[in-house]
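Asks: Below you'll find the structure I mean.
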Amino acid sequence: MRLLSQSVLAVMLLGLLRALSAAAQACPDRPAQGSIVENPFSISSQNGALSATLTMSQSVDSFGYTHYCYKYQNGNQVIEAPTLRLSPGDQLNLRVVNNIVNNDDMKMKMKMSGLPGQACGDGGAETLQSTNVHFHGLNVPPKCHQDDVIDTLIQPGTPGFQYSIQIPATEPPGLYWYHPHVHGFTEFQVNGGAAGAIVVEGMEKYRPEVKGLPERIFVVRQQYLVPWIPGPYQLTLNYVTTPPRFGPSPPIIQMQDGQKEFWRVANASIQDFLQLEVLEDSQPAPLELIALDGYPLPQTRTVTSILVPPAGRAEFIVQAPPVGVSALFYTQQYDTGPTGNADLAGVLANIRILPDSPIALVKKPSVKAPAPASALKFSDLASQTVTAHRKLYFSEEFGGTNGPIQFYITVDGQKPRVFEPDEEPVIKTKVGAVEDWTIENRALETHAFHIHQIHFKLLEVNGIPVTDNDLRDTIEIPYWTGTGPYPSVKVRMDFRDPTIAGTFLFHCHILLHEDLGMMHKILVEP
């Protein structure tokens, strides 16, 4: 037998190590087209704490789509994007390891927020391989190791980063979500599927209509082959691909004949406005709306359609029709304006009605006795004295026939400019402030306004007071037609909680717009 040289052995060993490394870095296989949609795997808090490790990984599938994923090791099983379930007052201890492939050809860089001593985590330049985590909607501190996304970077090849966050005792029960938020590269990673649900337990204490109902968590994700290049895209429902990527076979939701279920839907797409419906024999069925953006409604509302902007969440009760009725989970077409992207109508899932298919209840942690509804965070906001009024506006700058090339969100009276990581905050306020903001859209496409750390109360749309003063953290502002008044919303911002003091962000949650600078800082001083 001929012996191999040491150099050949070394090359073979290196190849093996690279193959093993690539396998370790790869994202788990995602469900096949036409699969039955299952609830995501849940990790629940135990004895007042949830402790877990998530590994951010990246791989390319056989169709050329780049996947980004949060991996969780459950024994011998690798789970993608588990749902994190906590009770008010719990501690979230989350270690995040960055295992993204260090590809020299993809090392696009941006400068980091640059004041000495501010860097949190590994530091260095923001690149396509950098990551961090935003806990979207949670009313928690914008501090290092909590919900800071301005200065926190987790780089590949390092031991990882520890998040330690106490969920406020008054945190509204509902659906939240987590995703990367590295400036310039958020769209890449969320486009690849890096997003998961967070549930703060206790909804039944405020909305008893859901008590005892089978519960479903649905995360709608979106992926383009290349995020910034217009063209066909896919939506997925808990990673099951919806048409038309591979053909006509949608995901399948199985329901029991006549059963009521509690559906909790997160729009984790990079830009789609979802006009959600459940169709029965092609007609919209009644839905009992329970909560928006993780905040229970004061009273439920019966609706037939629910608009959920990118990053928004909707929680509602669905009653299955009888066997023999054709039923679909559907999103209607939504007009985002002359320069917006086409949000097309489509089937999110076929609903298969069976005479006997009981749905197991989601296992939940025990929930502490809640505070009275009057003590729920932000519940007294309507009666508070307003300390300041501000106007902000979305606008876009065009470059010939190529459409918008610059995206701005501007405080009225200031000069439009794109976000810079080391910029000074464009708004400064103090703990205790209650402010009314009017936010206009002066662009020819719809935008989605989001602010970190707090919820806000919707007061007016286009100058007209609304009857449903919902608490939101993300809201759509329709496009301007080019003539007449600018579309607008008026919202009440609550900065009374001292735990949210610090510097954080507000921006458009169309992620390309955010990455291109439609974002700025606000400082809430103690």
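So you can find residues: chains in the structure tokens are A, B, ... in the order shown, residues in each start at 1, and ligands are numbered from 1 in order.
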For Thr241 (chain A), please output as a short mmCIF file (atom, residue, chain, number, x, y, z; two decimals) with all heavy atoms, in the first residue's frame all residues within 9 Å (counting only C-alpha atoms; exclusion window: fewer than 5 positions along the same chain).
Replies:
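Printed below is selection.cif as written:
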```
data_model
loop_
_atom_site.label_atom_id
_atom_site.label_comp_id
_atom_site.auth_asym_id
_atom_site.auth_seq_id
_atom_site.Cartn_x
_atom_site.Cartn_y
_atom_site.Cartn_z
N PRO A 31 -38.64 23.38 6.76
CA PRO A 31 -39.71 22.44 6.35
C PRO A 31 -39.94 22.46 4.84
O PRO A 31 -39.72 23.47 4.17
CB PRO A 31 -40.94 22.96 7.10
CG PRO A 31 -40.40 23.76 8.24
CD PRO A 31 -39.12 24.35 7.75
N ALA A 32 -40.40 21.33 4.35
CA ALA A 32 -40.67 21.21 2.92
C ALA A 32 -41.93 21.98 2.55
O ALA A 32 -42.81 22.23 3.38
CB ALA A 32 -40.85 19.73 2.55
N GLN A 33 -41.99 22.34 1.28
CA GLN A 33 -43.18 23.00 0.76
C GLN A 33 -44.41 22.12 1.02
O GLN A 33 -44.36 20.90 0.90
CB GLN A 33 -43.03 23.24 -0.74
CG GLN A 33 -44.23 23.96 -1.35
CD GLN A 33 -44.35 23.69 -2.83
OE1 GLN A 33 -43.70 22.78 -3.34
NE2 GLN A 33 -45.16 24.47 -3.51
N GLY A 34 -45.52 22.78 1.41
CA GLY A 34 -46.75 22.05 1.65
C GLY A 34 -46.81 21.36 2.99
O GLY A 34 -47.75 20.58 3.24
N SER A 35 -45.86 21.62 3.88
CA SER A 35 -45.84 20.97 5.20
C SER A 35 -46.96 21.51 6.09
O SER A 35 -47.47 22.62 5.90
CB SER A 35 -44.50 21.21 5.90
OG SER A 35 -43.44 20.62 5.21
N GLN A 234 -40.11 35.32 -1.59
CA GLN A 234 -40.94 34.31 -0.94
C GLN A 234 -41.35 34.80 0.44
O GLN A 234 -40.61 35.52 1.11
CB GLN A 234 -40.18 33.00 -0.80
CG GLN A 234 -38.88 33.13 0.00
CD GLN A 234 -38.30 31.79 0.39
OE1 GLN A 234 -39.02 30.92 0.87
NE2 GLN A 234 -37.01 31.63 0.19
N LEU A 235 -42.56 34.44 0.85
CA LEU A 235 -42.97 34.54 2.24
C LEU A 235 -42.97 33.15 2.82
O LEU A 235 -43.22 32.16 2.12
CB LEU A 235 -44.37 35.15 2.35
CG LEU A 235 -44.54 36.63 1.98
CD1 LEU A 235 -45.99 37.03 2.12
CD2 LEU A 235 -43.66 37.52 2.84
N THR A 236 -42.67 33.05 4.10
CA THR A 236 -42.77 31.76 4.79
C THR A 236 -43.59 31.93 6.05
O THR A 236 -43.64 33.01 6.65
CB THR A 236 -41.38 31.20 5.15
OG1 THR A 236 -40.72 32.10 6.07
CG2 THR A 236 -40.51 31.00 3.93
N PHE A 246 -42.14 27.64 -5.31
CA PHE A 246 -41.93 26.31 -5.90
C PHE A 246 -43.16 25.79 -6.63
O PHE A 246 -43.09 24.80 -7.32
CB PHE A 246 -41.56 25.31 -4.80
CG PHE A 246 -40.29 25.64 -4.10
CD1 PHE A 246 -40.26 25.85 -2.74
CD2 PHE A 246 -39.10 25.74 -4.80
CE1 PHE A 246 -39.08 26.14 -2.08
CE2 PHE A 246 -37.92 26.04 -4.16
CZ PHE A 246 -37.91 26.23 -2.79
N SER A 249 -48.43 24.66 -3.84
CA SER A 249 -48.75 23.98 -2.58
C SER A 249 -48.43 24.86 -1.38
O SER A 249 -47.28 25.01 -1.02
CB SER A 249 -47.98 22.66 -2.46
OG SER A 249 -48.31 21.79 -3.52
N PRO A 250 -49.45 25.45 -0.74
CA PRO A 250 -49.20 26.31 0.41
C PRO A 250 -48.95 25.48 1.67
O PRO A 250 -49.18 24.26 1.70
CB PRO A 250 -50.50 27.11 0.55
CG PRO A 250 -51.34 26.74 -0.63
CD PRO A 250 -50.85 25.42 -1.11
N PRO A 251 -48.49 26.12 2.73
CA PRO A 251 -48.46 25.46 4.03
C PRO A 251 -49.86 25.03 4.44
O PRO A 251 -50.87 25.52 3.90
CB PRO A 251 -47.91 26.56 4.96
CG PRO A 251 -47.22 27.53 4.06
CD PRO A 251 -47.96 27.49 2.77
N LEU A 348 -51.31 32.41 2.59
CA LEU A 348 -50.29 32.07 3.58
C LEU A 348 -50.39 30.61 3.98
O LEU A 348 -49.38 29.99 4.30
CB LEU A 348 -50.44 32.97 4.81
CG LEU A 348 -50.14 34.46 4.57
CD1 LEU A 348 -50.46 35.26 5.83
CD2 LEU A 348 -48.68 34.67 4.18
#
```
Asks: For the atom pair CA of Glu514 (chain A) and CA of Thr83 (chain A), what is the interatomic distance in Å to one decimal place?
Replies: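 Rounded to one decimal, the two atoms are 25.3 Å apart.
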Asks: For Asp422 (chain A), which of A:Asn267, A:Ser59, A:Thr66, A:Thr503 is the closest residue, counting only C-alpha atoms?
Replies: A:Thr503
Asks: Find the residue from A:Asp494, A:Glu209, A:Glu476, A:Glu315 that sits nearest to Val461 (chain A); use only C-alpha atoms when measuring.
Replies: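 Residue with the minimum atom-to-atom distance to Val461 (chain A): A:Glu476.
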Asks: If you run DSSP on the backbone, which residues of region 187-313 of chain A are helix (DSSP H, G or I), as a PDB file with N, CA and C atoms, in the first residue's frame?
Replies:
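Just written: part_17.pdb:
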```pdb
ATOM      1  N   GLU A 187     -31.049  44.237   7.269  1.00  0.00           N
ATOM      2  CA  GLU A 187     -31.878  43.627   6.231  1.00  0.00           C
ATOM      3  C   GLU A 187     -31.318  42.287   5.784  1.00  0.00           C
ATOM      4  N   PHE A 188     -29.997  42.174   5.647  1.00  0.00           N
ATOM      5  CA  PHE A 188     -29.388  40.926   5.201  1.00  0.00           C
ATOM      6  C   PHE A 188     -29.784  39.767   6.117  1.00  0.00           C
ATOM      7  N   GLN A 189     -29.630  39.984   7.421  1.00  0.00           N
ATOM      8  CA  GLN A 189     -29.800  38.874   8.354  1.00  0.00           C
ATOM      9  C   GLN A 189     -31.272  38.547   8.594  1.00  0.00           C
ATOM     10  N   VAL A 190     -32.133  39.570   8.673  1.00  0.00           N
ATOM     11  CA  VAL A 190     -33.564  39.287   8.819  1.00  0.00           C
ATOM     12  C   VAL A 190     -34.110  38.705   7.522  1.00  0.00           C
ATOM     13  N   ASN A 191     -33.632  39.183   6.369  1.00  0.00           N
ATOM     14  CA  ASN A 191     -33.997  38.599   5.089  1.00  0.00           C
ATOM     15  C   ASN A 191     -33.660  37.110   5.045  1.00  0.00           C
ATOM     16  N   MET A 203     -51.824  36.982  29.095  1.00  0.00           N
ATOM     17  CA  MET A 203     -52.884  37.614  28.310  1.00  0.00           C
ATOM     18  C   MET A 203     -54.265  37.276  28.855  1.00  0.00           C
ATOM     19  N   GLU A 204     -54.442  36.044  29.328  1.00  0.00           N
ATOM     20  CA  GLU A 204     -55.765  35.639  29.800  1.00  0.00           C
ATOM     21  C   GLU A 204     -56.200  36.415  31.044  1.00  0.00           C
ATOM     22  N   LYS A 205     -55.237  37.020  31.759  1.00  0.00           N
ATOM     23  CA  LYS A 205     -55.587  37.806  32.936  1.00  0.00           C
ATOM     24  C   LYS A 205     -56.252  39.126  32.549  1.00  0.00           C
ATOM     25  N   TYR A 206     -55.941  39.611  31.348  1.00  0.00           N
ATOM     26  CA  TYR A 206     -56.491  40.877  30.878  1.00  0.00           C
ATOM     27  C   TYR A 206     -57.561  40.686  29.815  1.00  0.00           C
ATOM     28  N   PRO A 208     -59.804  37.644  29.147  1.00  0.00           N
ATOM     29  CA  PRO A 208     -60.208  36.276  29.508  1.00  0.00           C
ATOM     30  C   PRO A 208     -60.788  35.487  28.342  1.00  0.00           C
ATOM     31  N   GLU A 209     -61.083  36.156  27.242  1.00  0.00           N
ATOM     32  CA  GLU A 209     -61.620  35.454  26.069  1.00  0.00           C
ATOM     33  C   GLU A 209     -60.675  34.368  25.566  1.00  0.00           C
ATOM     34  N   VAL A 210     -59.371  34.494  25.848  1.00  0.00           N
ATOM     35  CA  VAL A 210     -58.420  33.522  25.300  1.00  0.00           C
ATOM     36  C   VAL A 210     -58.145  32.362  26.268  1.00  0.00           C
TER      37      VAL A 210
END
```
Asks: Using only C-alpha atoms, which of the listed residues (A:Gln254, A:Val418, A:Pro172, A:Asn238) sits closest to Pro82 (chain A)?
Replies: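 Of all the options, A:Asn238 lies closest to Pro82 (chain A).
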Asks: Residues at most 8 Å from region 184-186 of chain A, counting only C-alpha atoms, excluding those fewer than 2 positions away in the same chain, as JSON, numbers by chain?
Replies: {"A": [110, 126, 127, 128, 180, 181, 182, 188, 189, 190, 511, 514, 515, 516]}
Asks: To one decimal in Å, tell me the separation between CA of Phe378 (chain A) and CA of Thr304 (chain A).
Replies: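 Distance between the two atoms: 27.7 Å.
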Asks: Need to verify the contact set: Leu138 (chain A), 9 Å, only C-alpha atoms, exclusion of same-chain residues closer than 5 positions in sequence. Can you return it as an MDAnalysis selection string?
Replies: chainID A and resid 147 167:168 171:172 176:177 294 452:455
Asks: Output C-alpha atoms of each residue in that selection to a file, as a short mmCIF file (atom, residue, chain, number, x, y, z; two decimals), in the first residue's frame.
Replies:
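Written output follows (out_4.cif):
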```cif
data_model
loop_
_atom_site.label_atom_id
_atom_site.label_comp_id
_atom_site.auth_asym_id
_atom_site.auth_seq_id
_atom_site.Cartn_x
_atom_site.Cartn_y
_atom_site.Cartn_z
CA ASP A 147 -31.35 46.20 24.66
CA ILE A 167 -38.82 41.83 32.20
CA PRO A 168 -40.72 44.62 34.00
CA GLU A 171 -44.76 44.57 31.05
CA PRO A 172 -47.87 44.18 28.88
CA TYR A 176 -42.87 40.44 20.92
CA TRP A 177 -39.93 39.30 18.81
CA GLY A 294 -47.98 42.96 22.40
CA HIS A 452 -37.47 51.35 20.66
CA GLN A 453 -38.04 50.91 24.43
CA ILE A 454 -41.65 52.20 24.66
CA HIS A 455 -45.17 51.84 23.33
#
```
Asks: Restricting the calculation to only C-alpha atoms, which member of A:Val240, A:Val323, A:Leu276, A:Ala291 is positioned closest to Ser305 (chain A)?
Replies: A:Leu276
Asks: Hey, which of A:Thr300, A:Gln384, A:Gln275, A:Gln259 ends up closest to Gln319 (chain A)? Count only C-alpha atoms.
Replies: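 Smallest distance to Gln319 (chain A) is found for A:Gln259.
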Asks: Applying 9 Å and only C-alpha atoms, which residues near Cys144 (chain A) remain after dropping the ones on its own chain fewer than 3 positions away? List them as a list in words.
Replies: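 Surrounding residues, per the criterion: Ala119, Cys120, Gly121, Pro141, Asp147, Asp148, Val149, Asp151, Thr152 and Tyr163 of chain A.
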Asks: So that I have them on file, write out the residues from the current selection with C-alpha atoms, as a PDB file, in the first residue's frame.
Replies:
```pdb
ATOM      1  CA  ALA A 119     -18.325  49.914  22.586  1.00  0.00           C
ATOM      2  CA  CYS A 120     -20.270  47.001  24.035  1.00  0.00           C
ATOM      3  CA  GLY A 121     -19.377  43.414  23.232  1.00  0.00           C
ATOM      4  CA  PRO A 141     -33.268  49.518  29.301  1.00  0.00           C
ATOM      5  CA  ASP A 147     -31.350  46.198  24.663  1.00  0.00           C
ATOM      6  CA  ASP A 148     -28.547  48.367  23.292  1.00  0.00           C
ATOM      7  CA  VAL A 149     -28.171  48.038  19.514  1.00  0.00           C
ATOM      8  CA  ASP A 151     -22.930  50.149  20.477  1.00  0.00           C
ATOM      9  CA  THR A 152     -23.256  46.355  20.790  1.00  0.00           C
ATOM     10  CA  TYR A 163     -27.681  39.440  27.569  1.00  0.00           C
TER      11      TYR A 163
END
```
Asks: Env of Val434 (chain A): 8 Å cut, atoms = only C-alpha atoms, seq-sep filter 2 positions within chain, self excluded. Answer as a PyMOL selection string.
Replies: chain A and resi 384-388+432+436+492-496
Asks: Using the selection just defined, write its residues with N, CA and C atoms as a PDB file, in the first residue's frame.
Replies:
```pdb
ATOM      1  N   GLN A 384     -52.486  61.898  31.150  1.00  0.00           N
ATOM      2  CA  GLN A 384     -51.274  62.600  31.568  1.00  0.00           C
ATOM      3  C   GLN A 384     -51.127  63.962  30.876  1.00  0.00           C
ATOM      4  N   THR A 385     -50.489  64.891  31.590  1.00  0.00           N
ATOM      5  CA  THR A 385     -50.224  66.214  31.035  1.00  0.00           C
ATOM      6  C   THR A 385     -49.107  66.122  29.997  1.00  0.00           C
ATOM      7  N   VAL A 386     -49.337  66.665  28.834  1.00  0.00           N
ATOM      8  CA  VAL A 386     -48.350  66.634  27.759  1.00  0.00           C
ATOM      9  C   VAL A 386     -47.313  67.724  28.000  1.00  0.00           C
ATOM     10  N   THR A 387     -46.040  67.336  27.953  1.00  0.00           N
ATOM     11  CA  THR A 387     -44.949  68.269  28.258  1.00  0.00           C
ATOM     12  C   THR A 387     -44.283  68.843  27.014  1.00  0.00           C
ATOM     13  N   ALA A 388     -44.508  68.262  25.846  1.00  0.00           N
ATOM     14  CA  ALA A 388     -43.895  68.781  24.616  1.00  0.00           C
ATOM     15  C   ALA A 388     -44.663  68.256  23.412  1.00  0.00           C
ATOM     16  N   GLY A 432     -39.831  61.325  32.723  1.00  0.00           N
ATOM     17  CA  GLY A 432     -41.004  62.034  33.221  1.00  0.00           C
ATOM     18  C   GLY A 432     -41.772  62.743  32.135  1.00  0.00           C
ATOM     19  N   ASP A 436     -46.478  64.555  22.679  1.00  0.00           N
ATOM     20  CA  ASP A 436     -47.299  64.239  21.517  1.00  0.00           C
ATOM     21  C   ASP A 436     -46.479  64.502  20.253  1.00  0.00           C
ATOM     22  N   ARG A 492     -48.930  59.601  21.277  1.00  0.00           N
ATOM     23  CA  ARG A 492     -48.457  60.082  22.584  1.00  0.00           C
ATOM     24  C   ARG A 492     -47.342  59.178  23.084  1.00  0.00           C
ATOM     25  N   MET A 493     -46.184  59.785  23.304  1.00  0.00           N
ATOM     26  CA  MET A 493     -44.983  59.089  23.757  1.00  0.00           C
ATOM     27  C   MET A 493     -44.861  59.199  25.274  1.00  0.00           C
ATOM     28  N   ASP A 494     -44.532  58.089  25.920  1.00  0.00           N
ATOM     29  CA  ASP A 494     -44.461  58.038  27.383  1.00  0.00           C
ATOM     30  C   ASP A 494     -43.023  57.756  27.811  1.00  0.00           C
ATOM     31  N   PHE A 495     -42.348  58.779  28.343  1.00  0.00           N
ATOM     32  CA  PHE A 495     -40.968  58.642  28.800  1.00  0.00           C
ATOM     33  C   PHE A 495     -40.873  58.703  30.324  1.00  0.00           C
ATOM     34  N   ARG A 496     -41.931  58.301  31.029  1.00  0.00           N
ATOM     35  CA  ARG A 496     -41.944  58.435  32.491  1.00  0.00           C
ATOM     36  C   ARG A 496     -41.126  57.360  33.200  1.00  0.00           C
TER      37      ARG A 496
END
```
Asks: Can you pull out the residues contacting Val431 (chain A)? Cut-off 8 Å, using only C-alpha atoms, and skip same-chain residues under 4 positions away; I want them as a ChimeraX atom specification.
Replies: /A:495-498,501,524-526
Asks: Go ahead and dump the residues you just picked, all heavy atoms, as a tab-separated table (two decimals), in the first residue's frame.
Replies:
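Contents of again.tsv, freshly written:
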```tsv
chain	number	residue	atom	x	y	z
A	495	PHE	N	-42.35	58.78	28.34
A	495	PHE	CA	-40.97	58.64	28.80
A	495	PHE	C	-40.87	58.70	30.32
A	495	PHE	O	-39.85	59.11	30.88
A	495	PHE	CB	-40.09	59.73	28.17
A	495	PHE	CG	-40.11	59.74	26.67
A	495	PHE	CD1	-40.70	60.78	25.96
A	495	PHE	CD2	-39.54	58.70	25.96
A	495	PHE	CE1	-40.71	60.79	24.58
A	495	PHE	CE2	-39.56	58.69	24.57
A	495	PHE	CZ	-40.15	59.74	23.88
A	496	ARG	N	-41.93	58.30	31.03
A	496	ARG	CA	-41.94	58.43	32.49
A	496	ARG	C	-41.13	57.36	33.20
A	496	ARG	O	-40.68	57.57	34.32
A	496	ARG	CB	-43.39	58.39	32.99
A	496	ARG	CG	-44.21	59.62	32.63
A	496	ARG	CD	-45.66	59.45	33.07
A	496	ARG	NE	-46.33	58.40	32.32
A	496	ARG	CZ	-47.48	57.83	32.69
A	496	ARG	NH1	-48.06	58.19	33.83
A	496	ARG	NH2	-48.04	56.89	31.94
A	497	ASP	N	-40.93	56.22	32.58
A	497	ASP	CA	-40.27	55.10	33.26
A	497	ASP	C	-38.76	55.33	33.30
A	497	ASP	O	-38.10	55.36	32.25
A	497	ASP	CB	-40.58	53.80	32.52
A	497	ASP	CG	-40.02	52.57	33.20
A	497	ASP	OD1	-39.29	52.72	34.21
A	497	ASP	OD2	-40.31	51.46	32.73
A	498	PRO	N	-38.15	55.45	34.49
A	498	PRO	CA	-36.71	55.71	34.55
A	498	PRO	C	-35.85	54.56	34.03
A	498	PRO	O	-34.68	54.76	33.70
A	498	PRO	CB	-36.45	55.95	36.05
A	498	PRO	CG	-37.61	55.32	36.75
A	498	PRO	CD	-38.77	55.44	35.82
A	501	ALA	N	-34.26	55.15	30.54
A	501	ALA	CA	-33.36	56.28	30.33
A	501	ALA	C	-32.13	55.84	29.55
A	501	ALA	O	-31.59	54.75	29.76
A	501	ALA	CB	-32.94	56.88	31.67
A	524	VAL	N	-33.03	60.06	26.32
A	524	VAL	CA	-33.90	60.31	27.47
A	524	VAL	C	-32.98	60.43	28.68
A	524	VAL	O	-32.41	59.44	29.13
A	524	VAL	CB	-34.94	59.20	27.67
A	524	VAL	CG1	-35.83	59.52	28.88
A	524	VAL	CG2	-35.80	59.05	26.41
A	525	GLU	N	-32.82	61.65	29.18
A	525	GLU	CA	-31.91	61.90	30.29
A	525	GLU	C	-32.58	61.59	31.62
A	525	GLU	O	-33.78	61.83	31.76
A	525	GLU	CB	-31.44	63.36	30.26
A	525	GLU	CG	-30.66	63.72	29.01
A	525	GLU	CD	-30.31	65.18	28.95
A	525	GLU	OE1	-31.19	66.02	29.26
A	525	GLU	OE2	-29.15	65.49	28.58
A	526	PRO	N	-31.82	61.07	32.59
A	526	PRO	CA	-32.40	60.76	33.91
A	526	PRO	C	-32.99	62.00	34.58
A	526	PRO	O	-32.54	63.11	34.34
A	526	PRO	CB	-31.21	60.21	34.69
A	526	PRO	CG	-30.22	59.78	33.66
A	526	PRO	CD	-30.41	60.71	32.49
```
Asks: Any idea what the distance is between CA of Ile217 (chain A) and CA of Val265 (chain A)?
Replies: 6.1 Å
